[in-house]
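Here's the structure we're looking at; comments come further down.
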Protein chains: 2
Amino acid sequence: MVEDSPELDAVFHALAHDARRVMLRRLARGELTVGQLAEPLRMSLAAASKHVKVLENAGLVERTVMGRRHVCRLRSAPLAGAAAWLRFYERFWDERIDALERVLDRPHTPDATPARPQVSAKASARSHTPEEAP
Amino acid sequence: MVEDSPELDAVFHALAHDARRVMLRRLARGELTVGQLAEPLRMSLAAASKHVKVLENAGLVERTVMGRRHVCRLRSAPLAGAAAWLRFYERFWDERIDALERVLDRPHTPDATPARPQVSAKASARSHTPEEAP
DNA sequence: TCGACGTACAACCATATGGTTGAGAATCTC
DNA sequence: GAGATTCTCAACCATATGGTTGTACGTCGA
């Protein structure tokens, strides 16, 4: 059923390894070759090369072959997709605020079943907050 | 080097499977038992139970055993951690704006090396935007 | 042109993941 | 107490993941 987003699968999987997160973090500062990406990591170049490929498959890294060097560049769009998915849960992060909103928005709601929380004014004010589940 | 956050590893890995994302999405509407979480999924109860455990290990689900039923509840704090990590890259999402800022902020920068982008006014205005890499 | 360099690729290994089925272990209901 | 319900656990399987080493290929520089 349901969403079934292979893209999100790939992005979240790519983010689920420290070495790859380190690579992304460094790529945020500028382009780097595969060798440069591998350098601070305590693993072989071949292993690092595999990690780069995982990032590439998730669309997070763009590779330009320049002679013998493979220059990698961050592509942030898939990260935005992941962040959009997470943003749906922003309303739950501060449970204190959430509880307050429950009291303020629906002070006399009789049903005890915890319903989908109202979209708060705070959340509505945020840009890109999806109205529907992504 | 580096960050090395097993928590982030666990959270991103938990999010890297559609079935688990569906579970979280449904838990956002209220508490559900393991059986209820498994119901819409095309897999055995045992398989779904494993997915619940993955979510639990990542801190995303809290379980309360009520008799023979295991009631699951969303815990959003780890999601907030993941979102905070992603928020670092917000500055790259709209590349059009980013390019504009490059021109506006450093019109005569001589070095060709792409430096860490300046934190834009737009990004600075956003709440929770970390100044340092998380 | 020759050697060093930067990577990829293949083969291999150990372990993790995601699924199944079958067998309990509690717990509720009658 | 007997049977149904809810869920975990163990065993098993296929495949994916993350690492290694060795080899090969294109490219740069002297």
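We label chains A, B, ... in the order they appear in the structure tokens, count residues from 1 in each chain, and number ligands from 1 in the order shown.
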
*Residues of chain D no more than 9 Å from chain B, counting only C-alpha atoms (C1' of nucleotides): send them over as a ChimeraX atom specification.*
/D:5-8

For chain C versus chain A, which residues have an atom no more than 10 Å away, and what is each residue's nearest atom pair and distance in Å rounded to one decimal, using only C-alpha atoms (C1' of nucleotides), chain-then-number order, as a tab-separated table?
```
residue	atom	partner	partner_atom	distance
C:DC5	C1'	A:Arg68	CA	8.2
C:DG6	C1'	A:Arg68	CA	5.5
C:DT7	C1'	A:Arg68	CA	7.2
C:DA8	C1'	A:Ala46	CA	8.2
C:DC9	C1'	A:Ala46	CA	9.4
```

Keeping only N, CA and C atoms (P, O5', C5', C4', C3', O3' and C1' of nucleotides), write those residues as a CSV table (one decimal), in the first residue's frame.
```csv
chain,number,residue,atom,x,y,z
C,5,DC,P,53.0,9.1,-7.5
C,5,DC,O5',51.5,9.4,-8.0
C,5,DC,C5',51.4,10.4,-9.0
C,5,DC,C4',50.0,10.5,-9.5
C,5,DC,C3',48.9,10.2,-8.5
C,5,DC,O3',48.0,11.3,-8.5
C,5,DC,C1',48.5,8.9,-10.4
C,6,DG,P,46.9,11.5,-7.4
C,6,DG,O5',45.6,10.9,-8.1
C,6,DG,C5',45.0,11.6,-9.2
C,6,DG,C4',43.8,10.9,-9.6
C,6,DG,C3',42.9,10.5,-8.4
C,6,DG,O3',41.5,10.9,-8.8
C,6,DG,C1',43.4,8.6,-9.7
C,7,DT,P,40.4,10.8,-7.6
C,7,DT,O5',39.4,9.7,-8.1
C,7,DT,C5',40.0,8.5,-8.6
C,7,DT,C4',39.2,7.8,-9.6
C,7,DT,C3',38.1,6.9,-8.9
C,7,DT,O3',36.9,7.1,-9.6
C,7,DT,C1',39.7,5.6,-10.1
C,8,DA,P,35.6,6.3,-9.1
C,8,DA,O5',35.7,4.9,-10.0
C,8,DA,C5',35.7,5.0,-11.4
C,8,DA,C4',35.8,3.7,-12.0
C,8,DA,C3',34.8,2.7,-11.5
C,8,DA,O3',34.3,2.0,-12.7
C,8,DA,C1',36.9,1.8,-11.2
C,9,DC,P,33.0,1.1,-12.5
C,9,DC,O5',33.5,-0.4,-12.6
C,9,DC,C5',34.6,-0.7,-13.5
C,9,DC,C4',35.1,-2.1,-13.1
C,9,DC,C3',34.1,-3.0,-12.5
C,9,DC,O3',34.2,-4.3,-13.2
C,9,DC,C1',36.0,-3.0,-11.2
```

*Specify as a list in words all residues of chain A found within 6 Å of chain B, counting only C-alpha atoms.*
Asp4, Asp9, Phe12, His13, Ala16, His17, Asp18, Arg29, Gly30, Ser76, Ala77, Trp93, Pro114, Ala115 and Arg116 of chain A

*asked:* When DSSP is applied to the backbone of this structure, which of segment 20-110 of chain A are assigned alpha helix (DSSP H)? Write them out as an MDAnalysis selection string.
replied: chainID A and resid 20:27 34:38 45:57 77:87 90:93 95:105

Please produce a file of the residues just selected, as a short mmCIF file (atom, residue, chain, number, x, y, z; two decimals), in the first residue's frame, where the atoms kept are N, CA and C atoms.
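Heads up, here's the output in selection_39.cif:
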```cif
data_model
loop_
_atom_site.label_atom_id
_atom_site.label_comp_id
_atom_site.auth_asym_id
_atom_site.auth_seq_id
_atom_site.Cartn_x
_atom_site.Cartn_y
_atom_site.Cartn_z
N ARG A 20 29.20 8.56 4.79
CA ARG A 20 28.52 9.29 3.72
C ARG A 20 28.04 10.65 4.21
N ARG A 21 27.62 10.74 5.44
CA ARG A 21 27.23 12.06 5.97
C ARG A 21 28.43 12.98 6.03
N VAL A 22 29.58 12.41 6.39
CA VAL A 22 30.80 13.23 6.41
C VAL A 22 31.12 13.72 5.00
N MET A 23 30.97 12.86 4.03
CA MET A 23 31.21 13.26 2.64
C MET A 23 30.30 14.43 2.25
N LEU A 24 29.03 14.31 2.56
CA LEU A 24 28.09 15.38 2.21
C LEU A 24 28.47 16.67 2.89
N ARG A 25 28.82 16.54 4.17
CA ARG A 25 29.18 17.73 4.93
C ARG A 25 30.35 18.44 4.28
N ARG A 26 31.33 17.67 3.83
CA ARG A 26 32.50 18.30 3.22
C ARG A 26 32.16 18.85 1.84
N LEU A 27 31.29 18.16 1.14
CA LEU A 27 30.91 18.65 -0.18
C LEU A 27 30.12 19.97 -0.09
N VAL A 34 37.01 12.13 -5.60
CA VAL A 34 36.78 10.90 -4.85
C VAL A 34 37.93 10.66 -3.86
N GLY A 35 39.13 10.90 -4.32
CA GLY A 35 40.28 10.71 -3.44
C GLY A 35 40.26 11.65 -2.24
N GLN A 36 39.89 12.89 -2.50
CA GLN A 36 39.80 13.85 -1.40
C GLN A 36 38.69 13.46 -0.42
N LEU A 37 37.60 12.95 -0.96
CA LEU A 37 36.51 12.52 -0.09
C LEU A 37 36.95 11.34 0.77
N ALA A 38 37.79 10.48 0.18
CA ALA A 38 38.21 9.27 0.89
C ALA A 38 39.26 9.57 1.96
N LEU A 45 40.40 3.26 -0.44
CA LEU A 45 39.81 4.11 -1.47
C LEU A 45 38.65 3.40 -2.14
N ALA A 46 38.79 2.10 -2.35
CA ALA A 46 37.72 1.35 -3.01
C ALA A 46 36.43 1.42 -2.20
N ALA A 47 36.57 1.29 -0.89
CA ALA A 47 35.38 1.36 -0.02
C ALA A 47 34.74 2.74 -0.11
N ALA A 48 35.59 3.77 -0.03
CA ALA A 48 35.06 5.13 -0.13
C ALA A 48 34.38 5.35 -1.47
N SER A 49 34.98 4.79 -2.51
CA SER A 49 34.41 4.92 -3.84
C SER A 49 33.00 4.33 -3.89
N LYS A 50 32.82 3.22 -3.16
CA LYS A 50 31.47 2.63 -3.11
C LYS A 50 30.49 3.58 -2.43
N HIS A 51 30.95 4.22 -1.37
CA HIS A 51 30.07 5.16 -0.66
C HIS A 51 29.68 6.31 -1.58
N VAL A 52 30.64 6.79 -2.35
CA VAL A 52 30.32 7.87 -3.29
C VAL A 52 29.24 7.40 -4.25
N LYS A 53 29.36 6.15 -4.68
CA LYS A 53 28.37 5.65 -5.63
C LYS A 53 26.97 5.57 -5.00
N VAL A 54 26.93 5.21 -3.71
CA VAL A 54 25.64 5.19 -3.01
C VAL A 54 25.03 6.58 -2.99
N LEU A 55 25.87 7.58 -2.71
CA LEU A 55 25.38 8.96 -2.71
C LEU A 55 24.91 9.36 -4.11
N GLU A 56 25.66 8.91 -5.10
CA GLU A 56 25.33 9.25 -6.48
C GLU A 56 23.99 8.61 -6.87
N ASN A 57 23.82 7.36 -6.50
CA ASN A 57 22.56 6.67 -6.83
C ASN A 57 21.36 7.33 -6.15
N ALA A 77 18.81 18.72 -3.81
CA ALA A 77 17.36 18.56 -4.02
C ALA A 77 16.79 17.34 -3.29
N PRO A 78 17.45 16.18 -3.37
CA PRO A 78 16.89 15.03 -2.65
C PRO A 78 16.87 15.24 -1.14
N LEU A 79 17.82 16.00 -0.64
CA LEU A 79 17.80 16.31 0.79
C LEU A 79 16.57 17.13 1.13
N ALA A 80 16.21 18.02 0.22
CA ALA A 80 15.00 18.82 0.45
C ALA A 80 13.78 17.92 0.52
N GLY A 81 13.77 16.88 -0.32
CA GLY A 81 12.66 15.93 -0.28
C GLY A 81 12.58 15.22 1.06
N ALA A 82 13.74 14.81 1.55
CA ALA A 82 13.78 14.15 2.84
C ALA A 82 13.33 15.08 3.95
N ALA A 83 13.78 16.32 3.87
CA ALA A 83 13.41 17.30 4.89
C ALA A 83 11.91 17.58 4.84
N ALA A 84 11.37 17.60 3.64
CA ALA A 84 9.93 17.84 3.51
C ALA A 84 9.15 16.70 4.17
N TRP A 85 9.65 15.50 3.97
CA TRP A 85 8.99 14.36 4.61
C TRP A 85 9.03 14.52 6.13
N LEU A 86 10.17 14.90 6.64
CA LEU A 86 10.32 15.06 8.09
C LEU A 86 9.49 16.21 8.63
N ARG A 87 9.29 17.23 7.80
CA ARG A 87 8.63 18.42 8.29
C ARG A 87 7.20 18.13 8.72
N GLU A 90 7.07 17.95 12.37
CA GLU A 90 7.49 19.11 13.16
C GLU A 90 6.49 19.42 14.27
N ARG A 91 5.22 19.21 13.95
CA ARG A 91 4.17 19.56 14.91
C ARG A 91 4.29 18.76 16.21
N PHE A 92 5.03 17.67 16.18
CA PHE A 92 5.15 16.84 17.38
C PHE A 92 6.40 17.14 18.19
N TRP A 93 7.28 17.96 17.62
CA TRP A 93 8.59 18.06 18.24
C TRP A 93 8.54 18.68 19.62
N GLU A 95 6.44 18.91 22.43
CA GLU A 95 5.19 18.33 22.92
C GLU A 95 4.49 19.26 23.91
N ARG A 96 5.26 20.11 24.55
CA ARG A 96 4.68 21.09 25.45
C ARG A 96 3.75 22.02 24.66
N ILE A 97 4.28 22.53 23.55
CA ILE A 97 3.49 23.41 22.69
C ILE A 97 2.30 22.64 22.14
N ASP A 98 2.57 21.41 21.74
CA ASP A 98 1.51 20.60 21.17
C ASP A 98 0.36 20.43 22.17
N ALA A 99 0.72 20.14 23.41
CA ALA A 99 -0.30 19.94 24.43
C ALA A 99 -1.08 21.24 24.66
N LEU A 100 -0.36 22.33 24.66
CA LEU A 100 -1.00 23.64 24.82
C LEU A 100 -2.00 23.88 23.70
N GLU A 101 -1.56 23.56 22.47
CA GLU A 101 -2.44 23.77 21.33
C GLU A 101 -3.69 22.90 21.44
N ARG A 102 -3.49 21.69 21.92
CA ARG A 102 -4.66 20.83 22.09
C ARG A 102 -5.69 21.51 22.99
N VAL A 103 -5.22 22.09 24.07
CA VAL A 103 -6.13 22.74 25.00
C VAL A 103 -6.77 23.96 24.34
N LEU A 104 -5.95 24.75 23.66
CA LEU A 104 -6.45 26.01 23.11
C LEU A 104 -7.39 25.78 21.93
N ASP A 105 -7.03 24.83 21.05
CA ASP A 105 -7.79 24.66 19.82
C ASP A 105 -9.08 23.88 20.03
#
```

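Nearest to DT17 of chain C of all the residues D:DA4, D:DT20, D:DG29, D:DC13 is D:DC13, based on only C-alpha atoms (C1' of nucleotides).
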
*Please indicate the distance in Å from atom C1' of DG3 of chain D to atom C1' of DA26 of chain C, rounded to one decimal place.*
13.9 Å

*asked:* Taking the DSSP secondary structure from the backbone, can you list the residues of segment 33-102 of chain A that are strand (DSSP E or B), as JSON, numbers by chain?
replied: {"A": [33, 61, 62, 63, 64, 65, 66, 69, 70, 71, 72, 73, 74]}

For DT15 of chain C, find every residue with an atom within 12 Å (counting only C-alpha atoms (C1' of nucleotides)), except residues of its own chain fewer than 5 positions away, and show them as a PDB file with C-alpha atoms (C1' of nucleotides), in the first residue's frame.
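Okay, selection_25.pdb is ready:
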```
ATOM      1  C1'  DA D  16      22.219  -6.414   0.400  1.00  0.00           C
ATOM      2  C1'  DT D  17      25.825  -4.022   2.717  1.00  0.00           C
ATOM      3  C1'  DG D  18      30.389  -2.727   3.954  1.00  0.00           C
ATOM      4  C1'  DG D  19      34.777  -3.911   3.949  1.00  0.00           C
TER       5       DG D  19
END
```

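Note that atom C1' of DA24 of chain D and atom CA of Glu62 of chain A are 24.7 Å apart.
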